[in-house]
Amino acid sequence: MKIATWNVNSLNVRLPHLLGWLAEAQPDVVALQELKLVDEVFPHAALAEAGYQAVSNGQKTYNGVALLARAPLVLEDVSRDLPGFEDPQKRVIAATVGGLRVVSVYVVNGQAVGSEKYEYKLRFLAALRDYLHGELAAHPQLAVLGDYNIAPTPEDSHDPATWEGNILCSPPERAALQALLDLGLVDAYTQPFLPDGRFTWWDYRAAGFRRNLGLRIDHLLLSTPLSARSWKVDTAPRRLERPSDHAPVLVEL
DNA sequence: ATGGTCGGATGCCGA
């Protein structure tokens, strides 16, 4: 099974890119983030025509997540948000597909270390940990796909001297990510592959993509019954006109 | 037009 995660940064703008990429890459399951649209206008018809069923947890302007499954796979037992964590922001959706429990998560960016948004990020990650603890108990085969807004190691940024200790690369953020792994999840990237490139996000500013000034902040975390046979960033959509600032990441189970 | 980029809304903010 081929699973993927992609922060599309506006599904309205990126729908043509998504449709082209689905036809090209043929993933079985896709987690999307930053839809920036509400469920009422989610493009179900266009995706159905492309062979994909979708469930969404949308929000206007900010956030919004979805899961796609390629027919004949079916998304079932859908749940939205983090139970017990009061939050108007739409950042989590989960479903079961072909015996696999899949979560699409858009972790808070956090803006700057020490800011109010940073505190919210750490609270969100703690609530996510509690939620995944329960998901894992109920569903041994669990894949948590998304934009975590955390670069796990210094090697996951293009310029550790600039990034270390700052937002996306601070020790408390990394500890929160490690706490998710400690539940019994493995970052598919850390399985022994030799990918050409590891970065999944490049800032729009300062020609970040052209200069490969990237970070690895999009992750596919797998429970131990699962194992990845491959891991790769597909940079093709990042090269198109009007791209998302993130590239899709694909893993074969 | 909103500084430097983009998306979305109109609060220039959030990423």
# chains A, B, ... in the order shown; residues from 1 in each chain; ligands from 1

call {"tool": "interface_residues", "arguments": {"of": "chain B", "to": "chain A", "cutoff": "7 Å", "atoms": "only C-alpha atoms (C1' of nucleotides)", "output": "short mmCIF file (atom, residue, chain, number, x, y, z; two decimals) with all heavy atoms, in the first residue's frame"}}
result
data_model
loop_
_atom_site.label_atom_id
_atom_site.label_comp_id
_atom_site.auth_asym_id
_atom_site.auth_seq_id
_atom_site.Cartn_x
_atom_site.Cartn_y
_atom_site.Cartn_z
P DT B 5 9.52 38.89 -3.01
OP1 DT B 5 10.64 38.46 -3.87
OP2 DT B 5 8.48 39.76 -3.51
"O5'" DT B 5 8.79 37.63 -2.41
"C5'" DT B 5 9.35 36.35 -2.60
"C4'" DT B 5 8.29 35.30 -2.41
"O4'" DT B 5 7.93 35.24 -1.00
"C3'" DT B 5 6.99 35.56 -3.17
"O3'" DT B 5 6.61 34.32 -3.73
"C2'" DT B 5 6.01 36.02 -2.08
"C1'" DT B 5 6.53 35.26 -0.87
N1 DT B 5 6.27 35.88 0.45
C2 DT B 5 5.73 35.08 1.45
O2 DT B 5 5.43 33.92 1.26
N3 DT B 5 5.57 35.72 2.65
C4 DT B 5 5.87 37.03 2.95
O4 DT B 5 5.67 37.47 4.07
C5 DT B 5 6.44 37.80 1.87
C7 DT B 5 6.80 39.23 2.09
C6 DT B 5 6.61 37.20 0.68
P DC B 6 5.55 34.29 -4.92
OP1 DC B 6 6.01 33.27 -5.86
OP2 DC B 6 5.24 35.66 -5.37
"O5'" DC B 6 4.25 33.76 -4.18
"C5'" DC B 6 4.23 32.39 -3.76
"C4'" DC B 6 3.15 32.21 -2.73
"O4'" DC B 6 3.38 33.09 -1.62
"C3'" DC B 6 1.73 32.50 -3.21
"O3'" DC B 6 1.05 31.27 -3.26
"C2'" DC B 6 1.15 33.44 -2.13
"C1'" DC B 6 2.13 33.28 -0.99
N1 DC B 6 2.27 34.45 -0.09
C2 DC B 6 1.98 34.31 1.27
O2 DC B 6 1.59 33.21 1.69
N3 DC B 6 2.12 35.39 2.09
C4 DC B 6 2.54 36.54 1.60
N4 DC B 6 2.66 37.56 2.45
C5 DC B 6 2.85 36.70 0.22
C6 DC B 6 2.70 35.64 -0.58
P DG B 7 -0.42 31.21 -3.93
OP1 DG B 7 -0.53 29.88 -4.53
OP2 DG B 7 -0.64 32.42 -4.74
"O5'" DG B 7 -1.40 31.29 -2.68
"C5'" DG B 7 -1.42 30.23 -1.76
"C4'" DG B 7 -2.47 30.51 -0.71
"O4'" DG B 7 -1.98 31.56 0.16
"C3'" DG B 7 -3.80 31.01 -1.27
"O3'" DG B 7 -4.84 30.27 -0.66
"C2'" DG B 7 -3.84 32.49 -0.91
"C1'" DG B 7 -2.97 32.55 0.34
N9 DG B 7 -2.28 33.82 0.52
C8 DG B 7 -1.66 34.57 -0.44
N7 DG B 7 -1.11 35.65 0.04
C5 DG B 7 -1.38 35.61 1.40
C6 DG B 7 -1.04 36.52 2.43
O6 DG B 7 -0.40 37.57 2.36
N1 DG B 7 -1.52 36.10 3.68
C2 DG B 7 -2.23 34.94 3.88
N2 DG B 7 -2.62 34.68 5.13
N3 DG B 7 -2.56 34.08 2.92
C4 DG B 7 -2.10 34.48 1.71
P DG B 8 -6.33 30.46 -1.10
OP1 DG B 8 -7.02 29.19 -0.84
OP2 DG B 8 -6.35 31.07 -2.45
"O5'" DG B 8 -6.89 31.54 -0.08
"C5'" DG B 8 -6.91 31.19 1.30
"C4'" DG B 8 -7.30 32.42 2.09
"O4'" DG B 8 -6.24 33.38 2.02
"C3'" DG B 8 -8.56 33.13 1.55
"O3'" DG B 8 -9.53 33.14 2.58
"C2'" DG B 8 -8.09 34.53 1.20
"C1'" DG B 8 -6.81 34.67 1.99
N9 DG B 8 -5.85 35.57 1.39
C8 DG B 8 -5.45 35.63 0.07
N7 DG B 8 -4.56 36.55 -0.16
C5 DG B 8 -4.37 37.15 1.07
C6 DG B 8 -3.52 38.23 1.44
O6 DG B 8 -2.74 38.88 0.73
N1 DG B 8 -3.62 38.52 2.80
C2 DG B 8 -4.44 37.86 3.68
N2 DG B 8 -4.42 38.28 4.96
N3 DG B 8 -5.24 36.85 3.35
C4 DG B 8 -5.16 36.55 2.04
#

call {"tool": "select_by_dssp", "arguments": {"residues": "stretch 5-253 of chain A", "states": "strand (DSSP E or B)", "output": "count of residues only"}}
result
68

call {"tool": "atom_distance", "arguments": {"atom1": "atom CA of A:Leu32", "atom2": "atom CA of A:Pro172"}}
result
25.5 Å

call {"tool": "select_by_dssp", "arguments": {"residues": "stretch 9-151 of chain A", "states": "alpha helix (DSSP H)", "output": "ChimeraX atom specification"}}
result
/A:11-25,44-49,116-138

call {"tool": "closest_residue", "arguments": {"among": "A:Val97, A:Lys2, A:Glu173, A:Ala50", "to": "A:Leu15", "atoms": "only C-alpha atoms"}}
result
A:Ala50

call {"tool": "residues_around", "arguments": {"residues": "stretch 195-200 of chain A", "least_positions_apart": "6", "cutoff": "6 Å", "atoms": "only C-alpha atoms (C1' of nucleotides)", "output": "list in words"}}
result
Gly214, Leu215, Arg216, His246 and Ala247 of chain A

call {"tool": "atom_distance", "arguments": {"atom1": "atom CA of A:Val41", "atom2": "atom CA of A:Val78"}}
result
18.7 Å

call {"tool": "residues_around", "arguments": {"residues": "B:DT2", "least_positions_apart": "6", "cutoff": "12 Å", "atoms": "only C-alpha atoms (C1' of nucleotides)", "output": "PyMOL selection string"}}
result
chain B and resi 8-13

call {"tool": "write_last_selection", "arguments": {"atoms": "N, CA, C and O atoms (P, O5', C5', C4', C3', O3' and C1' of nucleotides)", "output": "PDB file, in the first residue's frame"}}
result
ATOM      1  P    DG B   8      -6.328  30.457  -1.103  1.00  0.00           P
ATOM      2  O5'  DG B   8      -6.890  31.536  -0.078  1.00  0.00           O
ATOM      3  C5'  DG B   8      -6.913  31.194   1.302  1.00  0.00           C
ATOM      4  C4'  DG B   8      -7.303  32.418   2.087  1.00  0.00           C
ATOM      5  C3'  DG B   8      -8.556  33.126   1.554  1.00  0.00           C
ATOM      6  O3'  DG B   8      -9.534  33.144   2.579  1.00  0.00           O
ATOM      7  C1'  DG B   8      -6.811  34.672   1.994  1.00  0.00           C
ATOM      8  P    DA B   9     -10.963  33.807   2.377  1.00  0.00           P
ATOM      9  O5'  DA B   9     -10.860  35.175   3.190  1.00  0.00           O
ATOM     10  C5'  DA B   9     -10.451  35.130   4.549  1.00  0.00           C
ATOM     11  C4'  DA B   9     -10.112  36.514   5.039  1.00  0.00           C
ATOM     12  C3'  DA B   9     -11.244  37.535   4.868  1.00  0.00           C
ATOM     13  O3'  DA B   9     -11.331  38.315   6.051  1.00  0.00           O
ATOM     14  C1'  DA B   9      -9.275  38.330   3.840  1.00  0.00           C
ATOM     15  P    DT B  10     -12.473  39.290   6.303  1.00  0.00           P
ATOM     16  O5'  DT B  10     -11.798  40.740   6.132  1.00  0.00           O
ATOM     17  C5'  DT B  10     -10.687  41.072   6.947  1.00  0.00           C
ATOM     18  C4'  DT B  10     -10.055  42.353   6.455  1.00  0.00           C
ATOM     19  C3'  DT B  10     -11.057  43.487   6.171  1.00  0.00           C
ATOM     20  O3'  DT B  10     -10.529  44.708   6.659  1.00  0.00           O
ATOM     21  C1'  DT B  10      -9.662  43.209   4.344  1.00  0.00           C
ATOM     22  P    DG B  11     -11.147  45.374   7.952  1.00  0.00           P
ATOM     23  O5'  DG B  11     -10.073  45.094   9.061  1.00  0.00           O
ATOM     24  C5'  DG B  11      -8.971  45.911   9.277  1.00  0.00           C
ATOM     25  C4'  DG B  11      -8.052  45.238  10.252  1.00  0.00           C
ATOM     26  C3'  DG B  11      -6.638  45.009   9.708  1.00  0.00           C
ATOM     27  O3'  DG B  11      -5.849  46.132  10.038  1.00  0.00           O
ATOM     28  C1'  DG B  11      -7.453  43.082  10.917  1.00  0.00           C
ATOM     29  P    DC B  12      -5.275  47.049   8.854  1.00  0.00           P
ATOM     30  O5'  DC B  12      -4.352  46.216   7.844  1.00  0.00           O
ATOM     31  C5'  DC B  12      -3.057  45.885   8.191  1.00  0.00           C
ATOM     32  C4'  DC B  12      -2.966  44.370   8.304  1.00  0.00           C
ATOM     33  C3'  DC B  12      -1.646  43.872   8.879  1.00  0.00           C
ATOM     34  O3'  DC B  12      -1.969  42.787   9.737  1.00  0.00           O
ATOM     35  C1'  DC B  12      -2.102  42.761   6.905  1.00  0.00           C
ATOM     36  P    DC B  13      -1.117  42.596  11.084  1.00  0.00           P
ATOM     37  O5'  DC B  13      -1.609  41.166  11.573  1.00  0.00           O
ATOM     38  C5'  DC B  13      -3.021  40.839  11.567  1.00  0.00           C
ATOM     39  C4'  DC B  13      -3.180  39.389  11.168  1.00  0.00           C
ATOM     40  C3'  DC B  13      -2.139  38.457  11.797  1.00  0.00           C
ATOM     41  O3'  DC B  13      -2.789  37.330  12.345  1.00  0.00           O
ATOM     42  C1'  DC B  13      -2.191  38.172   9.440  1.00  0.00           C
TER      43       DC B  13
END

call {"tool": "residues_around", "arguments": {"residues": "A:Trp231", "least_positions_apart": "3", "cutoff": "7 Å", "atoms": "only C-alpha atoms (C1' of nucleotides)", "output": "ChimeraX atom specification"}}
result
/A:188-189,250-252

call {"tool": "residues_around", "arguments": {"residues": "A:Arg80", "least_positions_apart": "6", "cutoff": "8 Å", "atoms": "only C-alpha atoms (C1' of nucleotides)", "output": "PyMOL selection string"}}
result
chain A and resi 57+92-94
